[in-house]
>>> print(open('structure-v5.txt').read())   # compact mmCIF, C-alpha atoms
# COMPACT_ATOMS: atom_id res chain seq x y z
CA MET A 1 0.00 0.00 0.00
CA THR A 2 1.21 3.51 -0.85
CA ILE A 3 0.90 5.83 2.15
CA ARG A 4 1.10 9.54 1.41
CA GLY A 5 0.15 10.59 4.91
CA ILE A 6 2.45 12.66 7.14
CA ALA A 7 3.18 11.23 10.59
CA HIS A 8 2.72 14.30 12.80
CA ARG A 9 5.65 14.49 15.23
CA GLY A 10 6.11 10.77 14.57
CA TYR A 11 3.44 8.62 16.22
CA PRO A 12 2.42 10.79 19.21
CA VAL A 13 -0.60 8.68 20.15
CA ASN A 14 1.65 5.81 21.24
CA TYR A 15 5.08 7.39 21.75
CA PRO A 16 6.40 10.68 23.12
CA GLU A 17 6.09 13.20 20.28
CA ASN A 18 9.17 14.36 18.38
CA THR A 19 11.38 11.57 19.74
CA LEU A 20 13.44 9.00 17.89
CA SER A 21 11.11 6.19 19.06
CA SER A 22 8.13 8.12 17.71
CA PHE A 23 9.82 8.65 14.34
CA GLN A 24 10.92 5.01 14.20
CA ALA A 25 7.32 3.92 14.80
CA ALA A 26 6.17 5.99 11.80
CA ILE A 27 8.85 4.40 9.64
CA ASP A 28 7.93 0.92 10.86
CA LEU A 29 4.28 1.56 9.94
CA GLY A 30 5.36 2.33 6.38
CA PHE A 31 4.59 6.04 6.35
CA THR A 32 6.05 7.98 3.44
CA HIS A 33 6.34 11.31 5.30
CA MET A 34 6.87 12.54 8.84
CA GLU A 35 6.81 15.99 10.42
CA LEU A 36 9.01 17.39 13.17
CA ASP A 37 9.54 20.76 14.89
CA VAL A 38 12.83 22.57 15.33
CA HIS A 39 14.23 25.08 17.83
CA MET A 40 17.87 25.90 18.61
CA SER A 41 20.07 25.41 21.66
CA LYS A 42 22.09 28.15 23.32
CA ASP A 43 25.18 26.96 21.47
CA GLY A 44 23.49 27.01 18.07
CA VAL A 45 22.46 23.39 17.52
CA PRO A 46 19.02 22.73 15.94
CA VAL A 47 17.03 20.44 18.22
CA VAL A 48 13.67 18.73 17.83
CA MET A 49 10.77 19.76 20.06
CA HIS A 50 7.39 21.37 19.50
CA ASP A 51 7.39 23.91 22.34
CA HIS A 52 10.03 26.58 22.87
CA THR A 53 10.27 25.41 26.49
CA ILE A 54 11.11 21.94 27.80
CA ASP A 55 8.44 22.04 30.54
CA ARG A 56 5.72 19.92 28.92
CA MET A 57 7.86 17.14 27.50
CA THR A 58 10.79 16.70 29.90
CA ASP A 59 11.62 16.49 33.59
CA GLY A 60 13.15 19.96 33.40
CA SER A 61 11.89 23.49 32.84
CA GLY A 62 12.99 26.57 30.96
CA GLU A 63 13.47 27.81 27.41
CA ILE A 64 15.42 25.72 24.93
CA ARG A 65 17.54 28.70 23.92
CA ASP A 66 18.82 29.05 27.49
CA PHE A 67 20.49 25.62 27.50
CA THR A 68 23.48 24.24 25.62
CA LEU A 69 22.99 20.98 23.77
CA ALA A 70 24.92 19.14 26.46
CA GLU A 71 22.59 20.57 29.10
CA LEU A 72 19.47 19.73 27.06
CA LYS A 73 20.65 16.14 26.75
CA THR A 74 20.56 15.77 30.56
CA PHE A 75 16.78 16.08 30.60
CA THR A 76 14.60 13.01 30.15
CA ILE A 77 11.49 12.54 28.02
CA GLY A 78 9.21 9.77 29.28
CA THR A 79 11.19 6.98 30.88
CA ASN A 80 14.47 6.99 29.00
CA GLU A 81 14.50 9.28 25.96
CA HIS A 82 16.23 12.58 25.34
CA ILE A 83 15.70 15.62 23.12
CA PRO A 84 16.97 14.68 19.66
CA THR A 85 19.08 16.97 17.55
CA LEU A 86 17.85 17.64 14.03
CA GLU A 87 20.89 15.75 12.78
CA GLU A 88 19.94 12.67 14.81
CA ALA A 89 16.34 12.74 13.57
CA LEU A 90 17.34 13.20 9.94
CA SER A 91 19.99 10.49 10.16
CA LEU A 92 17.29 8.09 11.33
CA ALA A 93 15.03 9.14 8.46
CA LYS A 94 17.60 9.19 5.67
CA ASP A 95 16.60 7.09 2.65
CA ARG A 96 13.56 5.83 4.58
CA ILE A 97 10.99 8.63 4.84
CA ILE A 98 10.47 12.21 3.61
CA VAL A 99 10.76 14.79 6.38
CA SER A 100 8.80 17.99 6.91
CA ILE A 101 10.69 20.36 9.21
CA GLU A 102 8.69 23.11 10.88
CA LEU A 103 10.72 26.10 12.05
CA LYS A 104 9.12 27.11 15.36
CA LYS A 105 9.46 30.71 16.57
CA PRO A 106 12.56 31.36 14.42
CA LYS A 107 12.72 34.97 15.66
CA LEU A 108 13.97 33.54 18.96
CA TYR A 109 16.96 32.01 17.21
CA PRO A 110 19.02 34.37 15.04
CA GLY A 111 20.69 32.40 12.27
CA ILE A 112 18.60 29.25 12.65
CA GLU A 113 17.81 29.17 8.93
CA LYS A 114 21.46 28.70 7.92
CA LYS A 115 22.04 26.20 10.74
CA VAL A 116 19.10 24.05 9.66
CA TYR A 117 20.14 24.25 6.02
CA ASN A 118 23.67 23.15 6.89
CA VAL A 119 22.40 20.06 8.74
CA ILE A 120 20.23 19.07 5.77
CA LYS A 121 22.98 19.72 3.23
CA ASN A 122 25.70 17.94 5.22
CA LEU A 123 23.52 14.83 5.34
CA ASN A 124 22.88 15.12 1.59
CA MET A 125 19.11 15.22 2.18
CA LEU A 126 17.98 18.28 0.22
CA ASP A 127 15.83 16.04 -1.99
CA GLN A 128 14.26 14.29 1.02
CA VAL A 129 13.35 17.27 3.22
CA TYR A 130 11.13 20.32 3.01
CA VAL A 131 10.81 23.20 5.48
CA ILE A 132 7.56 24.88 6.56
CA SER A 133 6.83 27.75 8.93
CA PHE A 134 4.19 30.26 9.98
CA ASP A 135 7.05 32.78 9.89
CA HIS A 136 7.16 33.51 6.17
CA LYS A 137 10.06 35.96 6.57
CA SER A 138 12.09 33.07 7.91
CA LEU A 139 11.27 31.06 4.78
CA GLU A 140 12.44 34.02 2.69
CA LYS A 141 15.74 33.94 4.57
CA LEU A 142 16.04 30.23 3.85
CA ARG A 143 15.39 30.83 0.17
CA SER A 144 18.16 33.42 0.14
CA VAL A 145 20.47 30.80 1.68
CA SER A 146 19.61 28.15 -0.91
CA ARG A 147 17.77 27.92 -4.22
CA ASP A 148 17.58 24.14 -3.83
CA ILE A 149 15.91 23.73 -0.47
CA GLN A 150 12.18 22.90 -0.69
CA LEU A 151 9.91 25.32 1.17
CA GLY A 152 6.27 25.71 2.12
CA PRO A 153 4.30 28.46 3.88
CA LEU A 154 2.20 27.26 6.80
CA VAL A 155 -1.15 29.04 7.29
CA ASN A 156 -4.33 28.80 9.29
CA ARG A 157 -6.56 30.56 6.77
CA VAL A 158 -5.83 30.89 3.05
CA LYS A 159 -5.54 34.35 1.51
CA GLY A 160 -4.88 35.42 -2.06
CA SER A 161 -1.56 36.88 -0.95
CA HIS A 162 -0.37 33.41 0.02
CA PHE A 163 -0.32 32.35 -3.62
CA ARG A 164 1.80 35.38 -4.47
CA LEU A 165 4.07 34.47 -1.58
CA MET A 166 4.46 30.93 -2.92
CA LYS A 167 5.56 32.32 -6.26
CA LYS A 168 8.04 34.66 -4.54
CA LEU A 169 9.44 31.79 -2.47
CA ASP A 170 9.36 29.35 -5.38
CA ALA A 171 7.56 27.13 -2.87
CA GLU A 172 6.89 23.46 -3.55
CA TYR A 173 4.50 23.00 -0.60
CA PHE A 174 1.57 24.83 1.02
CA ALA A 175 0.39 23.68 4.47
CA VAL A 176 -3.17 24.62 5.45
CA ASN A 177 -5.40 24.01 8.47
CA PHE A 178 -7.86 21.28 7.48
CA LYS A 179 -10.77 23.25 8.94
CA ASN A 180 -10.22 26.05 6.43
CA LEU A 181 -9.71 23.94 3.32
CA ASN A 182 -11.95 24.30 0.29
CA GLU A 183 -12.09 22.93 -3.25
CA LYS A 184 -10.95 26.22 -4.78
CA HIS A 185 -7.65 26.01 -2.87
CA ILE A 186 -7.18 22.39 -3.86
CA ALA A 187 -7.74 23.17 -7.55
CA LYS A 188 -5.43 26.20 -7.39
CA CYS A 189 -2.59 24.17 -5.89
CA GLU A 190 -3.06 21.41 -8.43
CA LYS A 191 -2.93 23.97 -11.24
CA LEU A 192 0.24 25.56 -9.83
CA GLY A 193 1.92 22.22 -9.22
CA VAL A 194 2.23 22.99 -5.50
CA GLN A 195 1.85 20.12 -3.04
CA LEU A 196 -1.05 20.96 -0.73
CA VAL A 197 -0.64 19.69 2.84
CA VAL A 198 -3.48 19.69 5.40
CA TRP A 199 -3.23 19.41 9.18
CA THR A 200 -4.24 17.82 11.48
CA VAL A 201 -6.67 15.11 10.34
CA ASN A 202 -7.43 12.65 13.13
CA THR A 203 -11.02 11.39 12.87
CA VAL A 204 -12.36 8.82 10.44
CA GLU A 205 -14.91 11.37 9.25
CA GLN A 206 -12.18 13.91 8.46
CA MET A 207 -10.11 11.25 6.73
CA ASN A 208 -13.00 10.17 4.55
CA THR A 209 -13.56 13.80 3.54
CA VAL A 210 -9.97 14.39 2.48
CA LYS A 211 -9.73 10.95 0.85
CA GLN A 212 -11.83 12.38 -1.99
CA TYR A 213 -8.82 14.52 -3.02
CA PRO A 214 -5.85 12.24 -3.77
CA SER A 215 -3.52 15.17 -4.49
CA ILE A 216 -3.53 16.24 -0.83
CA LEU A 217 -0.89 15.21 1.69
CA VAL A 218 -2.62 14.50 4.98
CA THR A 219 -1.03 15.20 8.37
CA THR A 220 -2.23 12.92 11.17
CA ASP A 221 -1.52 11.79 14.73
CA GLU A 222 -3.64 8.65 14.26
CA LEU A 223 -1.34 6.61 12.05
CA GLU A 224 -3.01 3.22 12.30
CA THR A 225 -6.47 4.72 11.79
CA TYR A 226 -5.12 6.50 8.73
CA LYS A 227 -3.75 3.25 7.34
CA ALA A 228 -7.10 1.55 7.84
CA VAL A 229 -9.07 4.32 6.14
CA PHE A 230 -6.70 4.82 3.21
CA SER A 231 -5.92 1.16 2.50
>>> encode(input="structure-v5.txt", output="structure tokens")
Amino acid sequence: MTIRGIAHRGYPVNYPENTLSSFQAAIDLGFTHMELDVHMSKDGVPVVMHDHTIDRMTDGSGEIRDFTLAELKTFTIGTNEHIPTLEEALSLAKDRIIVSIELKKPKLYPGIEKKVYNVIKNLNMLDQVYVISFDHKSLEKLRSVSRDIQLGPLVNRVKGSHFRLMKKLDAEYFAVNFKNLNEKHIAKCEKLGVQLVVWTVNTVEQMNTVKQYPSILVTTDELETYKAVFS
């Protein structure tokens, strides 16, 4: 079976989100894509976590940017996991699954765009990774760093200006909140050759709705439900 769904932060229903075990579970289930979130340590290393603080996911507290990588690695997620670096997560994924990297709050991390690009390039994964963000200025910075990196604006509600932005960015992806999706947007993306991504689709009803549009990439937390619906 061909799965074109995106495993949101790995498989967060059964594993701690944005951890290597969560990403491995998505790979083991045969998913073609996975999504992860990136911040940056005090010493300039891109690390994988959704929040800009470690409070929710670890046994520590504080902002990621206030800790060095070595300090971040002392905190525990769940019983025995640690905050992965972007390099660790991508190394796990290489040649196995396409990775969507979301830049979270990039204004907190001057220079994060170049740092993230360097990790991707050094692993020779430019053709296996794309970067999304709500911060469209950050995507513009990334485009100025590289003409080859694949980019996609992330939006809650679609506006006409977003299509102009995609042209300016030479974007290959466009990530939209499922609740605000309509057929006009789907047709427009198909016409432009832009890969439309929707998030986050977790119920069977939602999955059956989006299943009518095979061109869409579907982001989900419910990986096994997704497999059952789309098989």
>>> residues_around(input="structure-v5.txt", residues="A:Ala89", least_positions_apart="3", cutoff="9 Å", atoms="all atoms listed in the file", output="list in words")
Asn18, Thr19, Leu20, Phe23, Leu36, Val48, Pro84, Thr85, Leu86, Leu92, Ala93 and Lys94 of chain A
>>> residues_around(input="structure-v5.txt", residues="A:Asp28", least_positions_apart="3", cutoff="12 Å", atoms="only C-alpha atoms", output="ChimeraX atom specification")
/A:7,10-11,21-25,31-34,92-93,96-97,223-224
>>> closest_residue(input="structure-v5.txt", among="A:Glu81, A:Glu183, A:Asn208, A:Val201", to="A:His8", atoms="all atoms listed in the file")
A:Val201
>>> closest_residue(input="structure-v5.txt", among="A:Ala26, A:Leu72, A:Met166, A:Leu90", to="A:Val129", atoms="only C-alpha atoms")
A:Leu90
>>> residues_around(input="structure-v5.txt", residues="A:Leu103", least_positions_apart="2", cutoff="12 Å", atoms="only C-alpha atoms", output="PyMOL selection string")
chain A and resi 35-40+46-52+86+100-101+105-109+111-117+130-139+141-142+151-154
>>> decode(input="structure-v5.txt", residues="stretch 208-231 of chain A", atoms="N, CA and C atoms", output="PDB file, in the first residue's frame")
ATOM      1  N   ASN A 208     -12.152  10.509   5.689  1.00  0.00           N
ATOM      2  CA  ASN A 208     -13.003  10.173   4.546  1.00  0.00           C
ATOM      3  C   ASN A 208     -13.288  11.394   3.681  1.00  0.00           C
ATOM      4  N   THR A 209     -13.364  12.560   4.310  1.00  0.00           N
ATOM      5  CA  THR A 209     -13.559  13.801   3.544  1.00  0.00           C
ATOM      6  C   THR A 209     -12.361  14.078   2.651  1.00  0.00           C
ATOM      7  N   VAL A 210     -11.175  14.032   3.235  1.00  0.00           N
ATOM      8  CA  VAL A 210      -9.972  14.386   2.482  1.00  0.00           C
ATOM      9  C   VAL A 210      -9.567  13.285   1.503  1.00  0.00           C
ATOM     10  N   LYS A 211     -10.036  12.081   1.743  1.00  0.00           N
ATOM     11  CA  LYS A 211      -9.725  10.954   0.847  1.00  0.00           C
ATOM     12  C   LYS A 211     -10.264  11.195  -0.561  1.00  0.00           C
ATOM     13  N   GLN A 212     -11.258  12.069  -0.674  1.00  0.00           N
ATOM     14  CA  GLN A 212     -11.832  12.382  -1.990  1.00  0.00           C
ATOM     15  C   GLN A 212     -10.866  13.160  -2.875  1.00  0.00           C
ATOM     16  N   TYR A 213      -9.770  13.674  -2.285  1.00  0.00           N
ATOM     17  CA  TYR A 213      -8.821  14.517  -3.025  1.00  0.00           C
ATOM     18  C   TYR A 213      -7.424  13.906  -2.945  1.00  0.00           C
ATOM     19  N   PRO A 214      -7.110  12.983  -3.861  1.00  0.00           N
ATOM     20  CA  PRO A 214      -5.851  12.238  -3.772  1.00  0.00           C
ATOM     21  C   PRO A 214      -4.594  13.088  -3.870  1.00  0.00           C
ATOM     22  N   SER A 215      -4.717  14.330  -4.348  1.00  0.00           N
ATOM     23  CA  SER A 215      -3.525  15.166  -4.494  1.00  0.00           C
ATOM     24  C   SER A 215      -3.029  15.713  -3.157  1.00  0.00           C
ATOM     25  N   ILE A 216      -3.868  15.632  -2.118  1.00  0.00           N
ATOM     26  CA  ILE A 216      -3.530  16.239  -0.833  1.00  0.00           C
ATOM     27  C   ILE A 216      -2.646  15.314   0.000  1.00  0.00           C
ATOM     28  N   LEU A 217      -1.669  15.900   0.671  1.00  0.00           N
ATOM     29  CA  LEU A 217      -0.885  15.208   1.687  1.00  0.00           C
ATOM     30  C   LEU A 217      -1.538  15.453   3.034  1.00  0.00           C
ATOM     31  N   VAL A 218      -1.839  14.401   3.756  1.00  0.00           N
ATOM     32  CA  VAL A 218      -2.625  14.503   4.981  1.00  0.00           C
ATOM     33  C   VAL A 218      -1.744  14.315   6.215  1.00  0.00           C
ATOM     34  N   THR A 219      -1.781  15.294   7.120  1.00  0.00           N
ATOM     35  CA  THR A 219      -1.032  15.196   8.374  1.00  0.00           C
ATOM     36  C   THR A 219      -1.927  14.599   9.450  1.00  0.00           C
ATOM     37  N   THR A 220      -1.411  13.587  10.167  1.00  0.00           N
ATOM     38  CA  THR A 220      -2.233  12.920  11.170  1.00  0.00           C
ATOM     39  C   THR A 220      -1.417  12.449  12.366  1.00  0.00           C
ATOM     40  N   ASP A 221      -2.091  12.415  13.532  1.00  0.00           N
ATOM     41  CA  ASP A 221      -1.521  11.788  14.730  1.00  0.00           C
ATOM     42  C   ASP A 221      -1.911  10.316  14.794  1.00  0.00           C
ATOM     43  N   GLU A 222      -3.031   9.988  14.147  1.00  0.00           N
ATOM     44  CA  GLU A 222      -3.639   8.653  14.256  1.00  0.00           C
ATOM     45  C   GLU A 222      -3.177   7.770  13.098  1.00  0.00           C
ATOM     46  N   LEU A 223      -1.959   7.287  13.183  1.00  0.00           N
ATOM     47  CA  LEU A 223      -1.336   6.609  12.050  1.00  0.00           C
ATOM     48  C   LEU A 223      -2.043   5.315  11.658  1.00  0.00           C
ATOM     49  N   GLU A 224      -2.385   4.505  12.643  1.00  0.00           N
ATOM     50  CA  GLU A 224      -3.006   3.225  12.304  1.00  0.00           C
ATOM     51  C   GLU A 224      -4.442   3.412  11.804  1.00  0.00           C
ATOM     52  N   THR A 225      -5.142   4.398  12.329  1.00  0.00           N
ATOM     53  CA  THR A 225      -6.468   4.720  11.786  1.00  0.00           C
ATOM     54  C   THR A 225      -6.353   5.183  10.357  1.00  0.00           C
ATOM     55  N   TYR A 226      -5.368   6.014  10.084  1.00  0.00           N
ATOM     56  CA  TYR A 226      -5.122   6.503   8.726  1.00  0.00           C
ATOM     57  C   TYR A 226      -4.871   5.332   7.775  1.00  0.00           C
ATOM     58  N   LYS A 227      -4.049   4.407   8.194  1.00  0.00           N
ATOM     59  CA  LYS A 227      -3.747   3.246   7.335  1.00  0.00           C
ATOM     60  C   LYS A 227      -5.021   2.444   7.034  1.00  0.00           C
ATOM     61  N   ALA A 228      -5.863   2.307   8.037  1.00  0.00           N
ATOM     62  CA  ALA A 228      -7.103   1.546   7.845  1.00  0.00           C
ATOM     63  C   ALA A 228      -8.052   2.251   6.887  1.00  0.00           C
ATOM     64  N   VAL A 229      -8.159   3.560   6.985  1.00  0.00           N
ATOM     65  CA  VAL A 229      -9.065   4.319   6.136  1.00  0.00           C
ATOM     66  C   VAL A 229      -8.545   4.391   4.692  1.00  0.00           C
ATOM     67  N   PHE A 230      -7.257   4.578   4.525  1.00  0.00           N
ATOM     68  CA  PHE A 230      -6.700   4.818   3.205  1.00  0.00           C
ATOM     69  C   PHE A 230      -6.218   3.558   2.505  1.00  0.00           C
ATOM     70  N   SER A 231      -6.357   2.410   3.138  1.00  0.00           N
ATOM     71  CA  SER A 231      -5.921   1.164   2.495  1.00  0.00           C
ATOM     72  C   SER A 231      -6.948   0.700   1.462  1.00  0.00           C
TER      73      SER A 231
END
